[in-house]
Structures are given as C-alpha cells and as structure tokens.
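Text of the file my_file-v2.csv, holding CSV, C-alpha atoms and all ligand atoms:
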```csv
chain,number,residue,atom,x,y,z
A,253,MET,CA,-7.9,-23.8,-17.0
A,254,SER,CA,-8.8,-24.6,-20.7
A,255,ALA,CA,-7.4,-21.3,-21.7
A,256,LEU,CA,-3.9,-22.5,-20.8
A,257,ARG,CA,-3.4,-24.4,-24.0
A,258,ILE,CA,0.3,-24.7,-24.4
A,259,VAL,CA,-0.5,-26.3,-27.7
A,260,ASP,CA,-1.2,-22.8,-29.0
A,261,LEU,CA,2.5,-22.1,-28.8
A,262,THR,CA,5.0,-23.4,-31.4
A,263,PRO,CA,6.7,-26.6,-30.1
A,264,GLU,CA,10.0,-24.7,-29.7
A,265,LEU,CA,8.4,-22.0,-27.5
A,266,GLY,CA,6.2,-24.5,-25.7
A,267,ALA,CA,9.2,-26.6,-24.7
A,268,ARG,CA,10.7,-23.5,-23.0
A,269,VAL,CA,7.6,-22.7,-20.9
A,270,SER,CA,7.7,-24.2,-17.4
A,271,ARG,CA,4.6,-25.3,-15.6
A,272,ASN,CA,3.6,-25.0,-11.9
A,273,VAL,CA,6.7,-23.0,-11.0
A,274,PRO,CA,6.8,-22.0,-7.3
A,275,LEU,CA,7.0,-18.3,-7.2
A,276,SER,CA,8.6,-18.5,-3.8
A,277,LYS,CA,11.8,-19.1,-5.8
A,278,HIS,CA,11.3,-15.7,-7.5
A,279,THR,CA,10.4,-13.4,-4.7
A,280,SER,CA,12.6,-11.8,-2.0
A,281,TRP,CA,10.1,-12.8,0.7
A,282,HIS,CA,10.6,-16.4,-0.5
A,283,VAL,CA,6.8,-17.1,-0.4
A,284,GLY,CA,4.2,-17.6,-3.1
A,285,GLY,CA,2.4,-20.5,-4.7
A,286,PRO,CA,2.9,-21.7,-8.3
A,287,ALA,CA,2.6,-19.9,-11.6
A,288,ASP,CA,0.6,-22.0,-14.1
A,289,LEU,CA,3.1,-21.1,-16.8
A,290,PHE,CA,6.5,-19.4,-16.4
A,291,PHE,CA,8.5,-18.0,-19.2
A,292,THR,CA,11.9,-16.2,-19.3
A,293,PRO,CA,12.5,-14.9,-22.8
A,294,ARG,CA,15.8,-15.0,-24.6
A,295,ASP,CA,15.4,-11.5,-25.9
A,296,LEU,CA,12.9,-9.0,-27.1
A,297,ALA,CA,12.0,-10.8,-30.3
A,298,ASP,CA,11.5,-14.0,-28.3
A,299,LEU,CA,9.3,-12.2,-25.8
A,300,ALA,CA,7.1,-10.6,-28.5
A,301,GLN,CA,6.7,-13.9,-30.2
A,302,PHE,CA,5.6,-15.6,-26.9
A,303,VAL,CA,3.1,-12.8,-26.1
A,304,ARG,CA,1.7,-12.9,-29.7
A,305,GLN,CA,1.2,-16.7,-29.5
A,306,LEU,CA,-0.4,-16.8,-26.0
A,307,PRO,CA,-4.2,-17.1,-26.3
A,308,ALA,CA,-5.8,-13.7,-25.4
A,309,ALA,CA,-7.8,-15.4,-22.6
A,310,VAL,CA,-4.7,-16.4,-20.6
A,311,PRO,CA,-4.0,-13.8,-17.9
A,312,LEU,CA,-0.5,-12.3,-18.1
A,313,PHE,CA,1.6,-11.2,-15.2
A,314,TRP,CA,5.2,-9.8,-15.3
A,315,ILE,CA,7.8,-10.0,-12.6
A,316,GLY,CA,11.4,-8.6,-12.3
A,317,LEU,CA,13.3,-9.6,-9.2
A,318,GLY,CA,10.1,-10.1,-7.1
A,319,SER,CA,11.4,-7.6,-4.5
A,320,ASN,CA,8.1,-5.8,-4.1
A,321,LEU,CA,5.7,-8.7,-4.4
A,322,LEU,CA,3.6,-10.7,-2.0
A,323,VAL,CA,2.3,-13.7,-4.1
A,324,ARG,CA,-0.4,-15.6,-2.2
A,325,ASP,CA,0.0,-19.3,-1.4
A,326,GLY,CA,-2.3,-20.4,-4.2
A,327,GLY,CA,-0.1,-18.8,-6.8
A,328,ILE,CA,-0.9,-17.0,-10.1
A,329,ARG,CA,-3.3,-18.3,-12.7
A,330,GLY,CA,-2.1,-17.7,-16.2
A,331,ALA,CA,1.4,-17.0,-17.5
A,332,VAL,CA,4.2,-15.2,-15.6
A,333,ILE,CA,6.9,-13.5,-17.7
A,334,CYS,CA,10.2,-13.0,-15.9
A,335,THR,CA,12.4,-10.2,-17.3
A,336,HIS,CA,15.3,-10.8,-14.8
A,337,GLY,CA,18.0,-12.7,-16.6
A,338,ALA,CA,16.6,-11.5,-19.9
A,339,LEU,CA,16.2,-8.0,-21.4
A,340,GLY,CA,19.6,-7.1,-20.0
A,341,THR,CA,21.2,-4.6,-22.3
A,342,LEU,CA,22.5,-1.3,-20.9
A,343,GLU,CA,24.2,1.3,-23.1
A,344,ARG,CA,25.1,5.0,-23.2
A,345,LEU,CA,23.4,6.9,-26.0
A,346,SER,CA,25.0,10.4,-25.5
A,347,ALA,CA,26.9,12.4,-22.9
A,348,THR,CA,24.0,12.3,-20.4
A,349,ARG,CA,21.5,9.8,-21.8
A,350,ILE,CA,21.4,6.0,-21.3
A,351,GLN,CA,19.2,3.2,-22.5
A,352,ALA,CA,18.4,0.1,-20.4
A,353,GLN,CA,16.1,-2.9,-21.0
A,354,ALA,CA,13.6,-3.8,-18.3
A,355,GLY,CA,15.5,-6.8,-16.9
A,356,VAL,CA,18.6,-4.7,-15.9
A,357,PRO,CA,19.0,-4.7,-12.2
A,358,CYS,CA,18.9,-1.2,-10.7
A,359,ALA,CA,22.2,-1.8,-8.9
A,360,ARG,CA,23.9,-2.3,-12.2
A,361,ILE,CA,22.5,1.0,-13.5
A,362,ALA,CA,23.9,2.7,-10.4
A,363,ARG,CA,27.4,1.2,-10.8
A,364,GLN,CA,27.5,1.8,-14.6
A,365,CYS,CA,26.4,5.4,-14.2
A,366,VAL,CA,29.2,6.0,-11.7
A,367,LYS,CA,31.7,4.6,-14.2
A,368,TRP,CA,30.3,6.8,-16.9
A,369,GLY,CA,30.5,9.9,-14.6
A,370,LEU,CA,26.7,10.4,-14.5
A,371,GLY,CA,24.4,11.1,-11.6
A,372,PRO,CA,22.5,11.2,-9.5
A,373,ALA,CA,21.9,7.5,-10.1
A,374,GLU,CA,23.5,6.2,-6.9
A,375,PHE,CA,20.1,5.9,-5.3
A,376,PHE,CA,19.4,2.9,-7.6
A,377,ALA,CA,22.1,0.9,-5.8
A,378,GLY,CA,20.0,0.1,-2.8
A,379,ILE,CA,16.9,-1.0,-4.8
A,380,PRO,CA,17.2,-4.8,-5.3
A,381,GLY,CA,14.9,-4.9,-8.3
A,382,THR,CA,14.9,-4.5,-12.1
A,383,LEU,CA,14.4,-1.3,-14.1
A,384,GLY,CA,11.0,-2.7,-15.2
A,385,GLY,CA,9.9,-3.0,-11.5
A,386,ALA,CA,11.4,0.4,-10.7
A,387,LEU,CA,9.3,1.9,-13.6
A,388,ALA,CA,6.1,0.1,-12.4
A,389,MET,CA,6.7,1.3,-8.8
A,390,ASN,CA,8.4,4.6,-9.4
A,391,ALA,CA,11.0,3.2,-7.0
A,392,GLY,CA,13.2,5.7,-5.2
A,393,ALA,CA,15.5,6.3,-2.3
A,394,TRP,CA,17.6,9.0,-0.6
A,395,GLY,CA,15.7,11.7,-2.5
A,396,GLY,CA,16.1,10.1,-5.9
A,397,GLU,CA,13.2,8.7,-7.9
A,398,THR,CA,13.0,6.6,-11.1
A,399,TRP,CA,10.6,8.7,-13.2
A,400,ARG,CA,12.5,11.9,-12.6
A,401,HIS,CA,15.0,10.5,-15.1
A,402,VAL,CA,12.7,9.0,-17.7
A,403,VAL,CA,12.8,10.5,-21.2
A,404,GLU,CA,10.8,7.7,-22.9
A,405,VAL,CA,9.7,4.2,-22.1
A,406,ASP,CA,9.3,1.2,-24.5
A,407,VAL,CA,6.4,-1.0,-23.8
A,408,LEU,CA,4.9,-4.2,-25.2
A,409,ASP,CA,1.2,-4.6,-25.5
A,410,ARG,CA,-0.9,-7.7,-25.1
A,411,ARG,CA,-0.7,-8.4,-28.9
A,412,GLY,CA,3.1,-8.4,-28.7
A,413,VAL,CA,3.3,-4.9,-30.4
A,414,ARG,CA,6.0,-2.5,-29.2
A,415,HIS,CA,5.3,1.2,-28.5
A,416,THR,CA,7.3,4.1,-27.3
A,417,ARG,CA,5.7,6.5,-24.8
A,418,PRO,CA,6.6,9.8,-23.1
A,419,PRO,CA,6.2,10.3,-19.3
A,420,ALA,CA,3.1,12.5,-20.1
A,421,ASP,CA,1.2,9.2,-20.8
A,422,TYR,CA,1.6,8.2,-17.2
A,423,ASP,CA,0.1,9.3,-13.9
A,424,ILE,CA,3.2,9.4,-11.8
A,425,GLY,CA,3.2,9.7,-8.0
A,426,TYR,CA,5.0,8.4,-4.9
A,427,ARG,CA,5.7,4.7,-5.5
A,428,ARG,CA,3.1,4.8,-8.3
A,429,ALA,CA,3.1,5.0,-12.1
A,430,ALA,CA,-0.3,4.3,-13.8
A,431,GLY,CA,-0.3,4.0,-17.5
A,432,PRO,CA,-2.3,2.4,-20.3
A,433,ALA,CA,-3.8,-1.0,-19.4
A,434,ASP,CA,-2.3,-4.2,-20.7
A,435,GLU,CA,1.1,-2.8,-21.5
A,436,TRP,CA,4.4,-3.7,-19.8
A,437,PHE,CA,7.8,-2.1,-19.8
A,438,ILE,CA,10.5,-3.5,-21.9
A,439,GLY,CA,13.0,-0.6,-21.5
A,440,ALA,CA,13.6,3.1,-21.1
A,441,ARG,CA,15.8,5.9,-21.9
A,442,LEU,CA,17.0,7.8,-18.8
A,443,GLU,CA,18.7,11.2,-18.5
A,444,PHE,CA,21.2,12.1,-15.8
A,445,ASP,CA,23.6,15.0,-15.2
A,446,ARG,CA,27.3,14.9,-15.8
A,447,ALA,CA,28.9,14.1,-12.4
A,448,PRO,CA,32.7,14.1,-13.1
A,449,GLY,CA,33.6,13.8,-9.4
A,450,ILE,CA,31.4,10.8,-8.7
A,451,ASN,CA,33.0,7.5,-7.6
A,452,SER,CA,31.9,4.2,-6.1
A,453,GLN,CA,32.5,5.5,-2.6
A,454,ALA,CA,29.2,7.4,-2.9
A,455,ILE,CA,27.4,4.0,-3.5
A,456,ARG,CA,29.3,2.3,-0.6
A,457,GLU,CA,28.3,5.1,1.8
A,458,LEU,CA,24.6,4.8,0.9
A,459,LEU,CA,24.7,1.0,1.2
A,460,ASP,CA,26.4,1.4,4.6
A,461,LYS,CA,23.7,3.7,5.8
A,462,ARG,CA,21.1,1.2,4.7
A,463,ARG,CA,22.8,-1.7,6.6
A,464,GLN,CA,22.8,0.4,9.8
A,465,THR,CA,19.0,1.1,9.6
A,466,GLN,CA,17.4,-1.8,7.7
A,467,PRO,CA,17.5,-5.6,8.1
A,468,ILE,CA,19.5,-6.2,4.9
A,469,GLY,CA,20.2,-9.9,4.3
A,470,GLU,CA,16.9,-11.1,5.9
A,471,TRP,CA,14.0,-12.2,3.7
A,472,SER,CA,11.8,-9.1,3.2
A,473,CYS,CA,10.3,-6.9,0.6
A,474,GLY,CA,11.7,-3.6,1.8
A,475,SER,CA,9.2,-1.1,3.1
A,476,VAL,CA,5.8,-2.8,3.3
A,477,PHE,CA,3.8,0.4,3.6
A,478,THR,CA,4.1,3.8,1.9
A,479,ASN,CA,4.8,6.7,4.3
A,480,PRO,CA,1.7,8.8,5.0
A,481,PRO,CA,2.1,12.5,4.2
A,482,GLY,CA,4.4,14.2,6.8
A,483,ASP,CA,5.2,11.0,8.7
A,484,HIS,CA,6.9,7.6,8.5
A,485,ALA,CA,5.1,4.3,8.5
A,486,GLY,CA,8.0,2.8,10.5
A,487,ARG,CA,7.6,5.4,13.3
A,488,LEU,CA,3.8,4.8,13.5
A,489,ILE,CA,4.2,1.0,13.6
A,490,ASP,CA,7.0,1.2,16.2
A,491,SER,CA,5.0,3.5,18.5
A,492,ALA,CA,2.0,1.2,18.1
A,493,GLY,CA,4.2,-1.3,19.9
A,494,LEU,CA,4.4,-3.7,17.0
A,495,LYS,CA,8.2,-4.2,16.6
A,496,GLY,CA,8.8,-8.0,16.9
A,497,PHE,CA,5.0,-8.8,16.6
A,498,ARG,CA,4.8,-12.2,15.0
A,499,ILE,CA,2.2,-14.2,13.1
A,500,GLY,CA,3.3,-17.7,12.0
A,501,GLY,CA,6.8,-17.5,10.5
A,502,ALA,CA,6.7,-13.7,9.9
A,503,SER,CA,7.3,-10.8,12.2
A,504,VAL,CA,7.7,-7.0,12.2
A,505,SER,CA,11.4,-6.3,12.1
A,506,GLU,CA,13.0,-5.2,15.4
A,507,LYS,CA,15.5,-3.1,13.3
A,508,HIS,CA,13.0,-1.2,11.1
A,509,ALA,CA,9.3,-1.5,11.9
A,510,ASN,CA,8.3,-0.9,8.2
A,511,PHE,CA,9.9,-4.2,7.3
A,512,ILE,CA,8.2,-7.6,7.7
A,513,ILE,CA,10.7,-10.6,7.9
A,514,ASN,CA,10.1,-14.1,6.8
A,515,HIS,CA,12.2,-16.1,9.3
A,516,GLY,CA,12.3,-19.1,6.9
A,517,ALA,CA,9.0,-20.9,7.2
A,518,ALA,CA,6.4,-18.2,6.7
A,519,ARG,CA,3.5,-18.6,4.3
A,520,ALA,CA,2.2,-15.7,2.3
A,521,ALA,CA,-1.0,-16.0,4.5
A,522,ASP,CA,1.1,-15.2,7.6
A,523,ILE,CA,2.6,-12.1,6.0
A,524,GLU,CA,-0.8,-10.9,4.7
A,525,ALA,CA,-2.4,-11.4,8.1
A,526,LEU,CA,0.5,-9.4,9.7
A,527,ILE,CA,0.0,-6.6,7.1
A,528,LEU,CA,-3.7,-6.5,8.1
A,529,HIS,CA,-2.9,-6.6,11.8
A,530,VAL,CA,-0.4,-3.7,11.5
A,531,GLN,CA,-2.9,-1.6,9.5
A,532,ARG,CA,-5.7,-2.2,12.2
A,533,ARG,CA,-3.4,-1.4,15.1
A,534,VAL,CA,-1.9,1.7,13.6
A,535,LYS,CA,-5.5,2.9,12.7
A,536,GLU,CA,-6.6,2.3,16.3
A,537,THR,CA,-3.6,3.9,17.8
A,538,HIS,CA,-2.9,6.8,15.6
A,539,GLY,CA,-6.1,7.2,13.5
A,540,ILE,CA,-4.0,6.8,10.3
A,541,GLU,CA,-4.6,4.4,7.5
A,542,LEU,CA,-1.4,2.8,6.2
A,543,HIS,CA,-1.4,1.7,2.5
A,544,ALA,CA,0.6,-1.3,1.3
A,545,GLU,CA,3.5,-0.4,-1.0
A,546,VAL,CA,4.1,-4.0,-1.8
A,547,ARG,CA,1.9,-5.5,-4.5
A,548,ILE,CA,-0.3,-8.3,-3.2
A,549,VAL,CA,-1.2,-10.7,-6.0
A,550,GLY,CA,-2.4,-14.2,-6.7
A,551,GLU,CA,-4.9,-16.7,-5.2
A,552,PRO,CA,-5.2,-17.8,-1.6
A,553,ALA,CA,-4.3,-21.4,-0.9
B,1,LIG,C1,15.8,-5.0,1.1
B,1,LIG,C2,14.9,-4.2,0.2
B,1,LIG,C3,15.0,-2.8,0.1
B,1,LIG,C4,14.2,-2.1,-0.8
B,1,LIG,N1,14.4,-0.7,-0.8
B,1,LIG,C5,13.7,0.0,-1.7
B,1,LIG,C6,13.9,1.4,-1.7
B,1,LIG,O1,14.7,2.0,-1.1
B,1,LIG,N2,13.1,2.1,-2.6
B,1,LIG,C7,12.1,1.5,-3.3
B,1,LIG,O2,11.4,2.2,-4.1
B,1,LIG,N3,11.9,0.2,-3.2
B,1,LIG,C8,12.6,-0.6,-2.4
B,1,LIG,N4,12.4,-1.9,-2.4
B,1,LIG,C9,11.3,-2.5,-3.1
B,1,LIG,C10,11.6,-3.0,-4.5
B,1,LIG,O3,13.0,-3.3,-4.6
B,1,LIG,C11,11.3,-2.0,-5.6
B,1,LIG,O4,9.9,-1.7,-5.6
B,1,LIG,C12,11.7,-2.5,-7.0
B,1,LIG,O5,11.5,-1.4,-7.9
B,1,LIG,C13,10.9,-3.7,-7.5
B,1,LIG,O6,11.5,-4.2,-8.7
B,1,LIG,P1,11.3,-5.7,-9.1
B,1,LIG,O7,12.0,-5.9,-10.3
B,1,LIG,O8,11.7,-6.6,-7.9
B,1,LIG,O9,9.8,-5.8,-9.3
B,1,LIG,P2,8.8,-7.0,-8.8
B,1,LIG,O10,8.7,-7.1,-7.4
B,1,LIG,O11,9.1,-8.2,-9.6
B,1,LIG,O12,7.4,-6.4,-9.3
B,1,LIG,C14,6.8,-5.3,-8.7
B,1,LIG,C15,5.6,-4.8,-9.5
B,1,LIG,O13,6.1,-4.3,-10.8
B,1,LIG,C16,5.5,-5.0,-11.9
B,1,LIG,N5,6.5,-5.2,-12.9
B,1,LIG,C17,7.7,-5.8,-12.8
B,1,LIG,N6,8.4,-5.7,-14.0
B,1,LIG,C18,7.5,-5.1,-14.8
B,1,LIG,C19,7.6,-4.7,-16.2
B,1,LIG,N7,8.7,-5.0,-17.0
B,1,LIG,N8,6.6,-4.0,-16.8
B,1,LIG,C20,5.5,-3.7,-16.0
B,1,LIG,N9,5.3,-4.0,-14.7
B,1,LIG,C21,6.4,-4.7,-14.1
B,1,LIG,C22,5.1,-6.3,-11.3
B,1,LIG,O14,4.0,-6.8,-12.0
B,1,LIG,C23,4.6,-5.9,-9.9
B,1,LIG,O15,3.3,-5.3,-9.9
B,1,LIG,C24,13.2,-2.7,-1.5
B,1,LIG,C25,13.1,-4.1,-1.5
B,1,LIG,C26,13.9,-4.9,-0.6
B,1,LIG,C27,13.7,-6.3,-0.6
```
Mind turning this structure into structure tokens?
Ligand SMILES: Cc1cc2nc3c(=O)[nH]c(=O)nc-3n(C[C@H](O)[C@H](O)[C@H](O)COP(=O)(O)OP(=O)(O)OC[C@H]3O[C@@H](n4cnc5c(N)ncnc54)[C@H](O)[C@@H]3O)c2cc1C
Amino acid sequence: MSALRIVDLTPELGARVSRNVPLSKHTSWHVGGPADLFFTPRDLADLAQFVRQLPAAVPLFWIGLGSNLLVRDGGIRGAVICTHGALGTLERLSATRIQAQAGVPCARIARQCVKWGLGPAEFFAGIPGTLGGALAMNAGAWGGETWRHVVEVDVLDRRGVRHTRPPADYDIGYRRAAGPADEWFIGARLEFDRAPGINSQAIRELLDKRRQTQPIGEWSCGSVFTNPPGDHAGRLIDSAGLKGFRIGGASVSEKHANFIINHGAARAADIEALILHVQRRVKETHGIELHAEVRIVGEPA
C-alpha cells in the first residue's frame, strides 16, 4: 500500500481525494467493497492534474455510473476516478455532429438529440450509464450501437496527456471496444442523421417496451451475459430452469432471465457465485458457454 502516497498530491488535490469509499454507493447492483482512493474531478484540467500527480505505481480504474460493474467485496486497490457528475458538457458542433464529455449520461444525449432533431440516438435513452462507459462497452439497444456514431474520441493517458483518436485505432465488436492500453475516454464527437420528425414520444415508447420486458427499478446491471450468436442468453437461462434461482441475496430475475437482481442484502460474492452457477447449468443443458457482459473487477473479501 506504500504506493498510495497521497502526499505525492498537492495539498489542495489531496484534500479532495476520499479514502476507503464503498463502491456499493457507485454501482447499480449496490454491491462492492471500498476503493482505496476515490476522486471526482472538477473538470478536464483538474482530472489531468490528478492523473499527472498520481504516482505511476498506483493502479487507476475509471467508472461512470457503475451500471455494468460487479465490484468484488474486497474493493479496488489504487485510485478510482469517477466521471459521473464531472466531464458533463454536451454541445452541437454542426447540423449533424455533437460533442460530449465522458461523464454525460446516455439518457441526456438521447433527449438532447431529439430536441436538436437528430437521430437515431433514442436507443441511448434506455442505457443508464455515461458516454465513457458506453464507449468502453460499445453499449447498444434496439438496433443502435455507440461506435456506429463515433467520429473521434478524446482520451487521457496515464501521464495525464490528452490524445484524439479515430475509430480505426479500436477493435470494435458486440459490447466490446479494445484500444490502446492505459488510456481512458474523456469525450467524443458523434455523428447522427437529421431526423426532423423525431419527438420525445419515440423515447417514451422505447422505455415503455423496456418496462414491460425488464425488471426496471430493481437493483441490477442490465444483461449479465452477452447473447451467443443466433440466440438469446435470457432464453437459454430460462429454459435451463433458472428463473428465480437464488444464492444469498441475489436471484435470477423472474421477468427477464438475463438479469440478476440484488434484493437488498446481496454481497458481490453471491452475485458472482450465481453468475458461475448460471454458466455451468447453461453449459450442461445446452452445451453453450455464456460470457459475462458485466465487468467483474476488484478483490474478493
Ligand atoms: C437496467 C439496466 C439496463 C441496461 N441496458 C443496457 C442496454 O440496453 N444496452 C447496453 O449496452 N447496456 C445496458 N446496460 C449496461 C450499462 O448501462 C452499459 O454497459 C453502460 O454503457 C455502462 O456505462 P457506465 O457509465 O455505467 O459504465 P461503468 O459501469 O461505470 O463501467 C463499465 C466499464 O467501462 C469502463 N469505463 C467507464 N468509464 C470509462 C471511461 N471514461 N474511459 C474508459 N473506460 C471507462 C469501466 O472501467 C468499466 O470497465 C444496462 C444496465 C442496467 C442497470
């Protein structure tokens, strides 16, 4: 833990870094142990200064809204940077191009694009994360996908230096965007079509559809597993008889089998055990290996 020398930061920055912050407060599953250090920057310059001052040996992890994260009960060693509540500018650059910082919630992008008469951005409305998380995950819904709209991304490296990169620098796939190591998204320019007839009814309809089929409002991380080619993880889990299957305080949703619900007192270990159980049973029943879409990070308790 000697690497975590907060004295390496200026007193002003050091005073704004929190220690031992329970990440259960920053994840949509409401589980997860503490981050050694937790920092929400004021703006980009503040963020770059923090990253520059952080000793190179301190591991760095970034989160947005924690809506795709299973943080283990032992938490995360090193520093966690939270972009949500920071990096929040969203602007229109031209008739069809917008620019957003990484902390902007996807739902805000959806709403603002409707106001600007741009589309198709409505799919962002149902993704309860930030643009940074959506870029990292290539988040998508209802046929829309984040990287289809990316013109350029802005990233920050481990030395606090900013770069601009084209999509060609990334290996993009279904819920996946692999790029250069030790760089994180600070913003992007996105391109949409003109959609003069679009209005907020389009968003309401998509959200209604979601409410009918998904356990919205319960503590979850959305879809736990990616869909295997030509099939749906939810269908495979359901037909393996796992709806309602429970470990500790977590269970497979009765409403949508690809969701795991924390009923209030689950530990990350319950959820991880349930993920492994589902994978084993689906493999035994269907011979298909399910891969986790959620990112599982941190130390066991
Ligand atoms: C109810 C519900 C419904 C959902 N529906 C959908 C859906 O329809 N489609 C879909 O794709 N997803 C869905 N999700 C999952 C989730 O919302 C998305 O994956 C979202 O993009 C995650 O964004 P986030 O800001 O919460 O990222 P986090 O969960 O905070 O982080 C996810 C990953 O991204 C990395 N990351 C975060 N910010 C940055 C950054 N600035 N730079 C680099 N890496 C970063 C993190 O390190 C982590 O590895 C759903 C989740 C819930 C709870």
| field | Given only C-alpha atoms as the counted atoms, nearest of A:Leu494, A:Ala373, A:Ala391, A:Leu458 to Thr478 in chain A | value |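 Nearest to Thr478 in chain A: A:Ala391.
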Mind running range 441-526 of chain A against range 537-540 of chain A at 12 Å and telling me each contacting residue's nearest atom pair with the distance in Å (one decimal), counting all atoms listed in the file, chain and number ascending, as a Markdown table?
```
| residue | atom | partner | partner_atom | distance |
| --- | --- | --- | --- | --- |
| A:Asn479 | CA | A:Ile540 | CA | 10.7 |
| A:Pro480 | CA | A:Ile540 | CA | 8.0 |
| A:Pro481 | CA | A:Ile540 | CA | 10.3 |
| A:Gly482 | CA | A:Ile540 | CA | 11.7 |
| A:Asp483 | CA | A:Ile540 | CA | 10.2 |
| A:His484 | CA | A:Ile540 | CA | 11.1 |
| A:Ala485 | CA | A:Ile540 | CA | 9.6 |
| A:Arg487 | CA | A:His538 | CA | 10.8 |
| A:Leu488 | CA | A:His538 | CA | 7.3 |
| A:Ile489 | CA | A:Thr537 | CA | 9.3 |
| A:Asp490 | CA | A:Thr537 | CA | 11.1 |
| A:Ser491 | CA | A:Thr537 | CA | 8.6 |
| A:Ala492 | CA | A:Thr537 | CA | 6.2 |
| A:Gly493 | CA | A:Thr537 | CA | 9.6 |
| A:Leu494 | CA | A:Thr537 | CA | 11.1 |
```
| request: May I ask you to write as number ranges by chain all residues lying at most 6 Å from ligand LIG 1 (chain B), with all atoms listed in the file counted? | output: A: 280, 313-321, 354, 378-382, 384-386, 388-389, 391-393, 436-438, 468, 472-474, 547
| message | So that I can see what lies close to Val273 in chain A, please list as a list in words the residues with an atom at most 12 Å from it, counting all atoms listed in the file and leaving out residues fewer than 2 positions away in the same chain. | response |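 Near Val273 in chain A, the qualifying residues are Val269, Ser270, Arg271, Leu275, Ser276, Lys277, His278, Gly284, Gly285, Pro286, Ala287, Asp288, Leu289, Phe290, Phe291, Thr292, Gly326, Gly327, Ile328, Arg329, Gly330, Ala331, Val332, Ile333 and Cys334 of chain A.
If you look at CA of Gln301 in chain A and CA of Arg414 in chain A, they are 11.5 Å away from each other.
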| How far is it from CA of Ser505 in chain A to CA of Phe477 in chain A, in Å with one decimal? |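 Pair CA of Ser505 in chain A / CA of Phe477 in chain A returns 13.2 Å.
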| message | What's the separation between CA of Asn510 in chain A and CA of Pro467 in chain A, in Å to one decimal place? | response | 10.3 Å
| query | For Glu551 in chain A, which residue among A:Val407, A:Val283, A:Val323, A:Ala267 is the nearest when counting only C-alpha atoms? | reply |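 Distance minimum relative to Glu551 in chain A lands on A:Val323.
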| Contacts of His401 in chain A at 8 Å or less, counting all atoms listed in the file, minus same-chain residues fewer than 3 places along, as a ChimeraX atom specification? | /A:397-398,442-444
| task | Could you give me, as a VMD selection string, the residues within 12 Å of Ala525 in chain A, counting only C-alpha atoms and dropping anything in the same chain fewer than 6 positions from it? | result | chain A and resid 322 324 497 to 504 512 518 to 519 531 to 532 548 552
Please save C-alpha atoms of the selected residues as a PDB file, in the frame of the given file.
```pdb
ATOM      1  CA  LEU A 322       3.600 -10.700  -2.000  1.00  0.00           C
ATOM      2  CA  ARG A 324      -0.400 -15.600  -2.200  1.00  0.00           C
ATOM      3  CA  PHE A 497       5.000  -8.800  16.600  1.00  0.00           C
ATOM      4  CA  ARG A 498       4.800 -12.200  15.000  1.00  0.00           C
ATOM      5  CA  ILE A 499       2.200 -14.200  13.100  1.00  0.00           C
ATOM      6  CA  GLY A 500       3.300 -17.700  12.000  1.00  0.00           C
ATOM      7  CA  GLY A 501       6.800 -17.500  10.500  1.00  0.00           C
ATOM      8  CA  ALA A 502       6.700 -13.700   9.900  1.00  0.00           C
ATOM      9  CA  SER A 503       7.300 -10.800  12.200  1.00  0.00           C
ATOM     10  CA  VAL A 504       7.700  -7.000  12.200  1.00  0.00           C
ATOM     11  CA  ILE A 512       8.200  -7.600   7.700  1.00  0.00           C
ATOM     12  CA  ALA A 518       6.400 -18.200   6.700  1.00  0.00           C
ATOM     13  CA  ARG A 519       3.500 -18.600   4.300  1.00  0.00           C
ATOM     14  CA  GLN A 531      -2.900  -1.600   9.500  1.00  0.00           C
ATOM     15  CA  ARG A 532      -5.700  -2.200  12.200  1.00  0.00           C
ATOM     16  CA  ILE A 548      -0.300  -8.300  -3.200  1.00  0.00           C
ATOM     17  CA  PRO A 552      -5.200 -17.800  -1.600  1.00  0.00           C
TER      18      PRO A 552
END
```
| task | Give as a list in words every residue, naming chains and numbers as the document does, that has an atom within 12 Å of (12.2, -10.9, -28.9), counting all atoms listed in the file. | result |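 Residues with an atom at most 12 Å from (12.2, -10.9, -28.9): Leu265, Thr292, Pro293, Arg294, Asp295, Leu296, Ala297, Asp298, Leu299, Ala300, Gln301, Phe302, Val303, Arg304, Thr335, Ala338, Leu339, Gln353, Leu408, Gly412, Val413, Arg414 and Ile438 of chain A.
For the set A:Gly516, A:Pro274, A:Pro311, A:Gly496, the residue with the smallest atom-to-atom gap to Asp325 in chain A is A:Pro274, counting all atoms listed in the file.
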| task | Anything within 9 Å of (19.1, 10.6, -18.4): list those residues as an MDAnalysis selection string, counting all atoms listed in the file and sticking to the file's coordinates. | result | chainID A and resid 348:351 370:371 400:403 441:445
| query | For Ile523 in chain A, which residue out of A:Ala377, A:Ala362, A:Val356, A:Val476 is the nearest one, using all atoms listed in the file? | reply |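 Of the candidates, the smallest distance to Ile523 in chain A is held by A:Val476.
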| said: Counting all atoms listed in the file, which residue out of A:Trp368, A:Phe376, A:Trp399, A:Trp394 sits closest to Ala447 in chain A? | reply: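 Smallest distance to Ala447 in chain A is found for A:Trp368.
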